[in-house]
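Q: This structure is in structure tokens; I'll ask about it shortly.
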Amino acid sequence: MLKILIPTDGSESSLLAVHHALALVGHGLQARFVVANVQETATLYELVVAHDPDVLQSVNEEAGLDLMRPAVALLEAAGQAVEQDVATGDAAQMLVEMVERHGCDAIILSARGMGSLRSALMGSVSHELLHSSPVPVTVVKAVDTVEVEPEEAEGPDAQAPDVQGA
């Protein structure tokens with residue numbers, strides 16, 4: 001049975017990875033899941049205000065668990081075995097450590113989440129994982145839907161739009 005890491009940041013798009021994993025299960029894949037969240041390292045201001053690293057760790061842990069709640073709920077509602085893990089630091093590096101710590105066989109993640117400006121400048125977590133992960137990585141993208149005008153799609157004489165080049 002495969003063990004699959006699913007990173008989530010609490011965004012709707014991060015749930016796409018969970019839906020993809022459940023679709024695979026629906027097609028017969030037998031798997032267990034580790035839902036993961038990586039919190040950013042505390043700023044100097046947060047360190048000064050908190051006075052206690054244990055307080056910051058506790059806050060990060062609670063925030064991570066809260067952000068993972070929707071993903072965990074979906075998996076558990078589908079009867080899947082789920083572990084949870086929260087870490088603090090560089091997202092890609094921490095996720096690789098989680099893969100190793102939990103003995104995961106694969107990663108499924110969404111292409112885009114609520115990444116910070118810093119991660120946008122340095123490159124996406126999915127891009128980093130594609131290069132640094134010791135296990136296969138599946139990146140799930142949102143499917144772009146094309147809206148068809150109702151009058152174009154109605155009736156038996158409806159024709160496909162002309163797609164010849166202009």
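Chain lettering (A, B, ...) mirrors the order of the structure tokens, residue numbering begins at 1 for each chain separately, and ligand numbering begins at 1 in order of display.
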Show which residues sit within 10 Å of Pro7 of chain A, as a ChimeraX atom specification. Count only C-alpha atoms, and ignore same-chain residues fewer than 4 positions away.

A: /A:14-15,17-18,34-38,68,71,84-86,91-92,95,98,107-110,125-126

Q: Take the residues just selected and output them with N, CA and C atoms as a CSV table (one decimal), in the first residue's frame.

A:
chain,number,residue,atom,x,y,z
A,14,SER,N,-5.5,24.0,-3.0
A,14,SER,CA,-4.7,22.9,-2.5
A,14,SER,C,-5.6,21.7,-2.3
A,15,LEU,N,-6.9,21.9,-2.2
A,15,LEU,CA,-7.8,20.7,-2.1
A,15,LEU,C,-7.9,19.9,-3.4
A,17,ALA,N,-5.5,18.6,-4.9
A,17,ALA,CA,-4.7,17.4,-4.7
A,17,ALA,C,-5.4,16.3,-4.0
A,18,VAL,N,-6.2,16.7,-3.0
A,18,VAL,CA,-7.0,15.7,-2.2
A,18,VAL,C,-8.0,15.1,-3.2
A,34,VAL,N,-0.6,11.2,4.2
A,34,VAL,CA,0.0,12.2,5.2
A,34,VAL,C,-0.4,13.5,4.7
A,35,VAL,N,-1.2,14.3,5.4
A,35,VAL,CA,-1.5,15.6,5.1
A,35,VAL,C,-0.5,16.5,5.8
A,36,ALA,N,0.1,17.4,5.1
A,36,ALA,CA,1.2,18.2,5.6
A,36,ALA,C,1.0,19.7,5.4
A,37,ASN,N,1.5,20.5,6.4
A,37,ASN,CA,1.5,21.9,6.2
A,37,ASN,C,2.8,22.4,6.8
A,38,VAL,N,3.4,23.4,6.0
A,38,VAL,CA,4.6,24.0,6.5
A,38,VAL,C,4.4,25.5,6.7
A,68,MET,N,-5.0,22.5,7.7
A,68,MET,CA,-5.2,21.1,7.1
A,68,MET,C,-6.6,20.5,7.3
A,71,ALA,N,-8.8,19.3,4.2
A,71,ALA,CA,-8.2,18.2,3.5
A,71,ALA,C,-8.3,16.9,4.3
A,84,GLN,N,-1.2,13.5,10.1
A,84,GLN,CA,-1.0,14.9,9.9
A,84,GLN,C,0.4,15.3,10.4
A,85,ASP,N,1.0,16.3,9.7
A,85,ASP,CA,2.3,16.7,10.1
A,85,ASP,C,2.4,18.2,9.8
A,86,VAL,N,2.9,19.0,10.8
A,86,VAL,CA,3.1,20.4,10.6
A,86,VAL,C,4.6,20.7,10.9
A,91,ALA,N,9.5,25.5,2.8
A,91,ALA,CA,8.4,24.6,2.5
A,91,ALA,C,8.9,23.3,1.7
A,92,ALA,N,9.7,23.5,0.7
A,92,ALA,CA,10.1,22.4,-0.1
A,92,ALA,C,11.1,21.5,0.7
A,95,LEU,N,9.1,19.6,3.3
A,95,LEU,CA,8.2,18.5,2.7
A,95,LEU,C,9.1,17.3,2.4
A,98,MET,N,9.6,15.5,5.5
A,98,MET,CA,8.4,14.8,5.9
A,98,MET,C,8.3,13.5,5.1
A,107,ILE,N,4.2,12.1,-3.7
A,107,ILE,CA,3.7,13.4,-3.3
A,107,ILE,C,2.6,13.8,-4.3
A,108,ILE,N,1.5,14.2,-3.8
A,108,ILE,CA,0.5,14.8,-4.7
A,108,ILE,C,0.2,16.2,-4.2
A,109,LEU,N,0.4,17.3,-5.0
A,109,LEU,CA,0.1,18.6,-4.5
A,109,LEU,C,-0.5,19.5,-5.6
A,110,SER,N,-1.1,20.6,-5.3
A,110,SER,CA,-1.7,21.4,-6.3
A,110,SER,C,-0.6,22.3,-6.8
A,125,VAL,N,6.8,26.1,-4.7
A,125,VAL,CA,7.1,24.9,-3.9
A,125,VAL,C,7.0,23.7,-4.9
A,126,SER,N,6.0,23.6,-5.7
A,126,SER,CA,5.9,22.5,-6.6
A,126,SER,C,7.1,22.4,-7.5

Q: Of the residues A:Leu2, A:Ala21, A:Gly10, A:Val82, which is the one nearest to Thr138 of chain A, using only C-alpha atoms?

A: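 Closest to Thr138 of chain A, using only C-alpha atoms: A:Ala21.
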
Q: In Å, how far is it from atom CA of Lys3 of chain A to atom CA of Ser124 of chain A?

A: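 Rounded to one decimal, the two atoms are 23.5 Å apart.
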